[in-house]
Structure formats: structure tokens, C-alpha cells
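K.L.:
One structure follows; several queries about it will come next.
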Amino acid sequence: MKPSLKLSGCTDPLLSTKLGGMERIAEIEAQAKKDVSAARTTADLREVELRYLGKQGSVTGLMKEIAALPPDQRPSFGQAVNKAREKVEKLVKAREKALKGKESAKQSEEERIDPTMPSRPPRVGVEHVLQQATNKIKKTLSSLGFTYYEGPELEEFRYNFDALNYPPNHPAMDEQDTFYVSDTQILRTQGTAIQGRVFETHKPPFRVFTVGRCFRNEAVDRTHGHTFHQVDAFMVDEAISMADLKGTLRAFASDMFGDGARVRFRPDFFPFVEPGVDYSISTPKLFDGKWVELGGAGMIHPNILQRYGIDTELYSGFAFGLGVERIPMMAYGIDDLRLFYENDLRFLEQFS
Ligand code: FA5
């Protein structure tokens, strides 16, 4: 005799039919078979599995009903449900294997590497435009007989100011406010700070230059940075005059900007030179031929030479200090120095 079912607690609509228990088992099994083979992906299959074998699944629902049957019907109904469950489990497993095989074949195809493809060309970097300018400056000044000297960026106050003839508390220092690390150590404001170090260790004649970073407490704009670069050079020998300074800076301008570059000197004040000038250049091609100031220059103040025991009757010297950023700005018509520091490759790669 076929077991009949009470339908209490049953959530599956199939079970609420009037079918006999065994027929319903067969029906659920048949439906499961169809659903399993209709699953196209392992994710679909997981849903089907839950629908039949999950906590709320139809096969699980059948199991729950065993207890509600009269005791004599329980064994045969229970066995039939168990068999159905095993069958559905097997079907799911077999389908899972097939789907996984297909999916991994598809994945390997998608991720296939073709070792015969030509490799991407290596990306070759470009030397930073300020480094290029620095190299060119070094080459030019070396060819004019100057020796490269490196001073520290974290400089002693006395080399940056006292040794350069700044009287204590002189207002000229206000123009070069900087970052103080201690009362005696600062981030150097000017390349000229190397002078004292060279005078302490060298005897004239000499021609020396340095290129490096300088720092100032500055409101940043198109032509001013809090960090920037300067080239600073000086020469001490017998009977050096303004003519030597002008000739050197004219040669420097021609080398950096070509023969069409013009130079201009106008009186200016710096505590460490007398007389002092500012140095500007103009080229017909750029900035409509307008004058652009590159830096300051002058004859080294006798106070400085005497401070280091140099006979000022015999020796004299000139010095100049220029902004490095101004050189590529002038050469390439760049009107904002902040571009050098933004590290935008679209800008930097133009200078290869
Ligand atoms: C000086 O620094 C002097 N040491 C130059 C000098 C050396 C004069 C030897 C005489 C003898 P000045 O503060 O003007 O001078 O700076 C020189 C150049 O450095 C400027 O013309 C400019 O090109 C560059 N410069 C100065 N401050 C900045 C800044 N904040 N950002 C970018 N460039 C700067």
C-alpha cells in the first residue's frame, strides 16, 4: 500500500498535492533531474542543489515528513526518500564535474599566454630637465676652467650669512628667510654659502662653482619656489676685474642659449660684492625678446678676502649666482617653474 501523507509544516507546493507519497518522491526526483541538467553554470547548479537538498529543499522536506507517518509506513517511505536524495546528490555531483571542466577550460582559454607574441618595448626614462640643465652648466663652467665643489644643503648659519659680510641683523637677511633646523643650522638660501668653506681650505688662485638645491621661506608662484636650484661660481686671481666677470657671463649665455643671446648688467646690492649687479639675458626667439633676470653677480667684497687673509692689493675676484630653473624656462619658453616639480610625465618626456 502506498503511504499517504499529512502535509503539516510542508512548504513545498508539490507536497500539497493529493499525490501519494511515492509518486511525489518520483515526481520530485524527475523534476530535480531536469533542473540539474538545465543548470548552465556551477552557480546555477548550487541554486538547484539548495532547492532540493538545502534546509528548506523539497527532498529535505520529504525527510521531515517521515515522523508524521504511521509507524508501519515509515521504513519504506524513509528508504524511498533516502534513495531519492542519493540520486539527486549523484546527479548534482556529476553535473558539477562536467560544468567545472567546461568552466576551467574556458578560463584557461581566456587566460592563455602566447609565448610567441613579441614583448612590449622597455620604457626608457628621460633625464629630468633640471638635471639636463645642471649637466650643461657643469660642462660649460668646467670648460671655462672652473672646478666643481659640493657644499651641504643643511648649512651653518655662519657660512650662509656671517662669512658673506652680512652685518648682524642686516635687513638683507629678511629677503632670504629660511627653514631653521637649530639656532646655528639652516637650509641654505644661496649657493654662495660655499665661499667660506672654499676660502678656509684653498689659497688663490682658484675658480670654483657649485650647483644644488637652495631653500627659502617664499610664497610659491610661477617664478618662485620654496625649494629651487642655484649655480654659484667665483674666481679669485691677480687683477681680476668686472671685465672678466662680464666676459665669463657672456660666454656662459652663448653656451647655454646660443649666439643670439644678449646679456645685461644693472647695478644691484648684495652684501658680499662691491660693486654688485643683476644679470639678465634676452633671446630674440623667447618671451618676445624680453629681459629675464637669471641672478646676481659682482666683485667679491674686500672684507671677505681680508677675513681669510688674502692680500687684496694683489688678489681680487668675482662671483655670480644664478637660478637653475630660469635656464630651461628661458631656453624652452616655460612660464611656470612649478611644472618642474609636479612629475607629470607628459611634461617631462618632452625634454628627451
Ligand atoms: C642670490 O641668491 C645671490 N647669492 C646671487 C649672487 C651670487 C650675487 C654671487 C652676487 C654674487 P638672489 O636672491 O637674487 O641672489 O637669487 C639669485 C637667483 O636665484 C634669482 O635671480 C633667481 O633666478 C633664483 N632664485 C632666487 N630665489 C628663488 C626662488 N624662490 N625660486 C626660484 N628661483 C629663485
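In the C-alpha cells, chains take the letters A, B, ... in the order shown, each chain's residues start at 1, and ligands count up from 1 in the order shown.
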Can you pull out the residues contacting stretch 303-316 of chain A? Cut-off 8 Å, using only C-alpha atoms, and skip same-chain residues under 6 positions away; I want them as JSON, numbers by chain.

P.N.:
{"A": [163, 164, 165, 199, 200, 204, 236, 237, 238, 239, 240, 241, 272]}

K.L.:
Include N, CA and C atoms and write out the residues we just selected as a short mmCIF file (atom, residue, chain, number, x, y, z; two decimals), in the first residue's frame.

P.N.:
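To be explicit, this is the file written out as selection_39.cif:
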```cif
data_model
loop_
_atom_site.label_atom_id
_atom_site.label_comp_id
_atom_site.auth_asym_id
_atom_site.auth_seq_id
_atom_site.Cartn_x
_atom_site.Cartn_y
_atom_site.Cartn_z
N ALA A 163 79.81 84.77 7.06
CA ALA A 163 81.02 84.73 6.24
C ALA A 163 80.85 85.54 4.96
N LEU A 164 79.62 85.91 4.66
CA LEU A 164 79.36 86.63 3.41
C LEU A 164 79.11 88.12 3.68
N ASN A 165 79.68 88.59 4.80
CA ASN A 165 79.70 90.03 5.06
C ASN A 165 78.31 90.61 5.37
N PHE A 199 87.29 79.29 0.92
CA PHE A 199 88.34 80.20 1.39
C PHE A 199 89.12 79.59 2.56
N GLU A 200 88.44 78.80 3.40
CA GLU A 200 89.11 78.18 4.55
C GLU A 200 90.10 77.10 4.14
N PRO A 204 94.25 81.22 -3.16
CA PRO A 204 94.13 81.64 -4.56
C PRO A 204 95.45 81.41 -5.31
N VAL A 236 89.08 83.83 -7.91
CA VAL A 236 89.99 84.78 -7.28
C VAL A 236 91.37 84.59 -7.92
N ASP A 237 91.92 85.70 -8.37
CA ASP A 237 93.25 85.63 -9.00
C ASP A 237 93.83 87.04 -8.99
N GLU A 238 95.01 87.17 -9.57
CA GLU A 238 95.60 88.51 -9.62
C GLU A 238 94.85 89.36 -10.64
N ALA A 239 94.54 90.59 -10.25
CA ALA A 239 93.98 91.58 -11.16
C ALA A 239 92.72 91.15 -11.89
N ILE A 240 91.84 90.51 -11.18
CA ILE A 240 90.54 90.16 -11.79
C ILE A 240 89.65 91.41 -11.74
N SER A 241 88.92 91.65 -12.82
CA SER A 241 88.10 92.86 -12.87
C SER A 241 86.68 92.53 -13.35
N PHE A 272 77.92 90.81 -0.19
CA PHE A 272 79.21 90.14 -0.41
C PHE A 272 79.91 90.55 -1.70
#
```

K.L.:
So which bits of stretch 13-166 of chain A end up strand (DSSP E or B) when you DSSP the backbone, as a list in words?

P.N.:
Thr147, Tyr148, Leu154, Glu155 and Glu156 of chain A

K.L.:
What would the file look like if the residues just selected were written as a CSV table (one decimal), in the first residue's frame with N, CA and C atoms?

P.N.:
```csv
chain,number,residue,atom,x,y,z
A,147,THR,N,86.3,74.6,-11.2
A,147,THR,CA,86.2,73.2,-10.6
A,147,THR,C,85.0,73.1,-9.8
A,148,TYR,N,84.3,71.9,-10.0
A,148,TYR,CA,83.1,71.7,-9.3
A,148,TYR,C,83.3,71.4,-7.8
A,154,LEU,N,72.1,71.4,4.2
A,154,LEU,CA,71.9,71.7,5.6
A,154,LEU,C,73.2,72.5,6.0
A,155,GLU,N,73.1,73.8,6.0
A,155,GLU,CA,74.3,74.6,6.1
A,155,GLU,C,74.3,75.4,7.5
A,156,GLU,N,75.6,75.8,7.8
A,156,GLU,CA,75.7,76.5,9.1
A,156,GLU,C,75.3,78.0,8.7
```

K.L.:
For A:Pro267, please output as JSON, numbers by chain all residues within 7 Å (counting only C-alpha atoms; exclusion window: fewer than 4 positions along the same chain).

P.N.:
{"A": [276, 277, 278]}

K.L.:
Convert the current residue selection to file output with N, CA and C atoms, as an mmCIF file, in the first residue's frame.

P.N.:
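Contents of selection36.cif, as written:
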```
data_model
loop_
_atom_site.group_PDB
_atom_site.id
_atom_site.type_symbol
_atom_site.label_atom_id
_atom_site.label_comp_id
_atom_site.auth_asym_id
_atom_site.auth_seq_id
_atom_site.Cartn_x
_atom_site.Cartn_y
_atom_site.Cartn_z
ATOM 1 N N GLY A 276 77.994 95.456 -7.126
ATOM 2 C CA GLY A 276 77.116 94.314 -7.409
ATOM 3 C C GLY A 276 76.218 94.621 -8.602
ATOM 4 N N VAL A 277 75.838 93.592 -9.316
ATOM 5 C CA VAL A 277 74.960 93.783 -10.485
ATOM 6 C C VAL A 277 73.909 92.668 -10.524
ATOM 7 N N ASP A 278 72.826 92.948 -11.228
ATOM 8 C CA ASP A 278 71.985 91.801 -11.582
ATOM 9 C C ASP A 278 72.272 91.463 -13.038
#
```

K.L.:
Counting only C-alpha atoms and all ligand atoms, which residues of chain A sit at most 9 Å from some atom of ligand 1, and what is each one's closest atom pair with its distance in Å to one decimal, listed by chain and rising residue number, as JSON lines?

P.N.:
```
{"residue": "A:Glu175", "atom": "CA", "partner": "ligand 1", "partner_atom_place_in_ligand_line": "13 (O)", "distance": 7.6}
{"residue": "A:Gln176", "atom": "CA", "partner": "ligand 1", "partner_atom_place_in_ligand_line": "13 (O)", "distance": 7.1}
{"residue": "A:Thr189", "atom": "CA", "partner": "ligand 1", "partner_atom_place_in_ligand_line": "2 (O)", "distance": 6.9}
{"residue": "A:Gln190", "atom": "CA", "partner": "ligand 1", "partner_atom_place_in_ligand_line": "2 (O)", "distance": 4.7}
{"residue": "A:Gly191", "atom": "CA", "partner": "ligand 1", "partner_atom_place_in_ligand_line": "4 (N)", "distance": 6.2}
{"residue": "A:Thr192", "atom": "CA", "partner": "ligand 1", "partner_atom_place_in_ligand_line": "4 (N)", "distance": 5.0}
{"residue": "A:Ala193", "atom": "CA", "partner": "ligand 1", "partner_atom_place_in_ligand_line": "4 (N)", "distance": 7.9}
{"residue": "A:Cys214", "atom": "CA", "partner": "ligand 1", "partner_atom_place_in_ligand_line": "28 (C)", "distance": 8.2}
{"residue": "A:Phe215", "atom": "CA", "partner": "ligand 1", "partner_atom_place_in_ligand_line": "30 (N)", "distance": 7.2}
{"residue": "A:Arg216", "atom": "CA", "partner": "ligand 1", "partner_atom_place_in_ligand_line": "30 (N)", "distance": 6.0}
{"residue": "A:Asn217", "atom": "CA", "partner": "ligand 1", "partner_atom_place_in_ligand_line": "30 (N)", "distance": 7.9}
{"residue": "A:Glu218", "atom": "CA", "partner": "ligand 1", "partner_atom_place_in_ligand_line": "30 (N)", "distance": 5.8}
{"residue": "A:Ala219", "atom": "CA", "partner": "ligand 1", "partner_atom_place_in_ligand_line": "30 (N)", "distance": 8.0}
{"residue": "A:Val220", "atom": "CA", "partner": "ligand 1", "partner_atom_place_in_ligand_line": "30 (N)", "distance": 7.3}
{"residue": "A:Asp221", "atom": "CA", "partner": "ligand 1", "partner_atom_place_in_ligand_line": "31 (N)", "distance": 8.4}
{"residue": "A:Arg222", "atom": "CA", "partner": "ligand 1", "partner_atom_place_in_ligand_line": "31 (N)", "distance": 8.7}
{"residue": "A:Thr223", "atom": "CA", "partner": "ligand 1", "partner_atom_place_in_ligand_line": "32 (C)", "distance": 5.7}
{"residue": "A:His224", "atom": "CA", "partner": "ligand 1", "partner_atom_place_in_ligand_line": "31 (N)", "distance": 3.4}
{"residue": "A:Gly225", "atom": "CA", "partner": "ligand 1", "partner_atom_place_in_ligand_line": "31 (N)", "distance": 4.0}
{"residue": "A:His226", "atom": "CA", "partner": "ligand 1", "partner_atom_place_in_ligand_line": "30 (N)", "distance": 5.4}
{"residue": "A:Thr227", "atom": "CA", "partner": "ligand 1", "partner_atom_place_in_ligand_line": "31 (N)", "distance": 6.6}
{"residue": "A:Phe228", "atom": "CA", "partner": "ligand 1", "partner_atom_place_in_ligand_line": "32 (C)", "distance": 5.0}
{"residue": "A:His229", "atom": "CA", "partner": "ligand 1", "partner_atom_place_in_ligand_line": "33 (N)", "distance": 6.7}
{"residue": "A:Gln230", "atom": "CA", "partner": "ligand 1", "partner_atom_place_in_ligand_line": "19 (O)", "distance": 5.8}
{"residue": "A:Val231", "atom": "CA", "partner": "ligand 1", "partner_atom_place_in_ligand_line": "19 (O)", "distance": 8.3}
{"residue": "A:Asp232", "atom": "CA", "partner": "ligand 1", "partner_atom_place_in_ligand_line": "7 (C)", "distance": 6.1}
{"residue": "A:Ala233", "atom": "CA", "partner": "ligand 1", "partner_atom_place_in_ligand_line": "9 (C)", "distance": 7.1}
{"residue": "A:Phe234", "atom": "CA", "partner": "ligand 1", "partner_atom_place_in_ligand_line": "9 (C)", "distance": 7.4}
{"residue": "A:Asp268", "atom": "CA", "partner": "ligand 1", "partner_atom_place_in_ligand_line": "8 (C)", "distance": 8.7}
{"residue": "A:Phe269", "atom": "CA", "partner": "ligand 1", "partner_atom_place_in_ligand_line": "10 (C)", "distance": 8.1}
{"residue": "A:Phe270", "atom": "CA", "partner": "ligand 1", "partner_atom_place_in_ligand_line": "10 (C)", "distance": 5.9}
{"residue": "A:Pro271", "atom": "CA", "partner": "ligand 1", "partner_atom_place_in_ligand_line": "10 (C)", "distance": 8.4}
{"residue": "A:Phe272", "atom": "CA", "partner": "ligand 1", "partner_atom_place_in_ligand_line": "11 (C)", "distance": 6.7}
{"residue": "A:Val273", "atom": "CA", "partner": "ligand 1", "partner_atom_place_in_ligand_line": "10 (C)", "distance": 6.0}
{"residue": "A:Gly276", "atom": "CA", "partner": "ligand 1", "partner_atom_place_in_ligand_line": "10 (C)", "distance": 6.3}
{"residue": "A:Val277", "atom": "CA", "partner": "ligand 1", "partner_atom_place_in_ligand_line": "10 (C)", "distance": 7.2}
{"residue": "A:Asp278", "atom": "CA", "partner": "ligand 1", "partner_atom_place_in_ligand_line": "8 (C)", "distance": 7.5}
{"residue": "A:Tyr279", "atom": "CA", "partner": "ligand 1", "partner_atom_place_in_ligand_line": "21 (O)", "distance": 7.9}
{"residue": "A:Ser280", "atom": "CA", "partner": "ligand 1", "partner_atom_place_in_ligand_line": "21 (O)", "distance": 8.5}
{"residue": "A:Val292", "atom": "CA", "partner": "ligand 1", "partner_atom_place_in_ligand_line": "23 (O)", "distance": 8.8}
{"residue": "A:Glu293", "atom": "CA", "partner": "ligand 1", "partner_atom_place_in_ligand_line": "21 (O)", "distance": 5.5}
{"residue": "A:Leu294", "atom": "CA", "partner": "ligand 1", "partner_atom_place_in_ligand_line": "23 (O)", "distance": 4.4}
{"residue": "A:Gly295", "atom": "CA", "partner": "ligand 1", "partner_atom_place_in_ligand_line": "21 (O)", "distance": 3.3}
{"residue": "A:Gly296", "atom": "CA", "partner": "ligand 1", "partner_atom_place_in_ligand_line": "8 (C)", "distance": 3.6}
{"residue": "A:Ala297", "atom": "CA", "partner": "ligand 1", "partner_atom_place_in_ligand_line": "10 (C)", "distance": 3.6}
{"residue": "A:Gly298", "atom": "CA", "partner": "ligand 1", "partner_atom_place_in_ligand_line": "10 (C)", "distance": 5.3}
{"residue": "A:Met299", "atom": "CA", "partner": "ligand 1", "partner_atom_place_in_ligand_line": "11 (C)", "distance": 7.5}
{"residue": "A:Ile300", "atom": "CA", "partner": "ligand 1", "partner_atom_place_in_ligand_line": "11 (C)", "distance": 7.3}
{"residue": "A:Phe318", "atom": "CA", "partner": "ligand 1", "partner_atom_place_in_ligand_line": "11 (C)", "distance": 7.5}
{"residue": "A:Ala319", "atom": "CA", "partner": "ligand 1", "partner_atom_place_in_ligand_line": "9 (C)", "distance": 4.5}
{"residue": "A:Phe320", "atom": "CA", "partner": "ligand 1", "partner_atom_place_in_ligand_line": "9 (C)", "distance": 3.6}
{"residue": "A:Gly321", "atom": "CA", "partner": "ligand 1", "partner_atom_place_in_ligand_line": "7 (C)", "distance": 3.6}
{"residue": "A:Leu322", "atom": "CA", "partner": "ligand 1", "partner_atom_place_in_ligand_line": "18 (C)", "distance": 4.4}
{"residue": "A:Gly323", "atom": "CA", "partner": "ligand 1", "partner_atom_place_in_ligand_line": "23 (O)", "distance": 3.4}
{"residue": "A:Val324", "atom": "CA", "partner": "ligand 1", "partner_atom_place_in_ligand_line": "23 (O)", "distance": 6.8}
{"residue": "A:Glu325", "atom": "CA", "partner": "ligand 1", "partner_atom_place_in_ligand_line": "33 (N)", "distance": 6.5}
{"residue": "A:Arg326", "atom": "CA", "partner": "ligand 1", "partner_atom_place_in_ligand_line": "23 (O)", "distance": 5.7}
{"residue": "A:Ile327", "atom": "CA", "partner": "ligand 1", "partner_atom_place_in_ligand_line": "23 (O)", "distance": 8.5}
{"residue": "A:Leu337", "atom": "CA", "partner": "ligand 1", "partner_atom_place_in_ligand_line": "32 (C)", "distance": 7.5}
```

K.L.:
Extract, using only C-alpha atoms, all DNA, RNA and protein residues at most 7 Å from stretch 86-102 of chain A, discarding same-chain residues fewer than 4 positions from it, and format them as an mmCIF file with C-alpha atoms, in the first residue's frame.

P.N.:
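Done, and the output landed in out-v4.cif:
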```
data_model
loop_
_atom_site.group_PDB
_atom_site.id
_atom_site.type_symbol
_atom_site.label_atom_id
_atom_site.label_comp_id
_atom_site.auth_asym_id
_atom_site.auth_seq_id
_atom_site.Cartn_x
_atom_site.Cartn_y
_atom_site.Cartn_z
ATOM 1 C CA GLU A 29 13.268 13.260 -8.403
ATOM 2 C CA ALA A 32 15.389 17.511 -9.932
ATOM 3 C CA LYS A 33 16.907 15.604 -12.823
ATOM 4 C CA VAL A 36 20.147 19.708 -12.684
ATOM 5 C CA SER A 37 20.727 19.147 -16.364
ATOM 6 C CA THR A 41 26.935 27.203 -14.593
ATOM 7 C CA THR A 42 28.196 25.947 -11.242
ATOM 8 C CA GLU A 49 21.117 21.867 -5.136
ATOM 9 C CA ASN A 82 16.911 8.367 1.087
ATOM 10 C CA LYS A 106 37.000 28.394 -20.781
#
```

K.L.:
Rounded to one decimal, what separation in Å do you get between atom CA of A:Phe179 and atom CA of A:Pro152?

P.N.:
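Those two atoms sit 14.4 Å apart.
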
K.L.:
Give the helix (DSSP H, G or I) residues of stretch 147-206 of chain A, as assigned by DSSP on the backbone, as a PyMOL selection string.

P.N.:
chain A and resi 157-160+162-164+171-176+191-201

K.L.:
Identify which of the residues A:Ile194, A:Thr140, A:Thr134, A:Asp114 lies closest to A:Arg250, counting only C-alpha atoms when measuring atom-to-atom distances.

P.N.:
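Closest candidate: A:Thr140.
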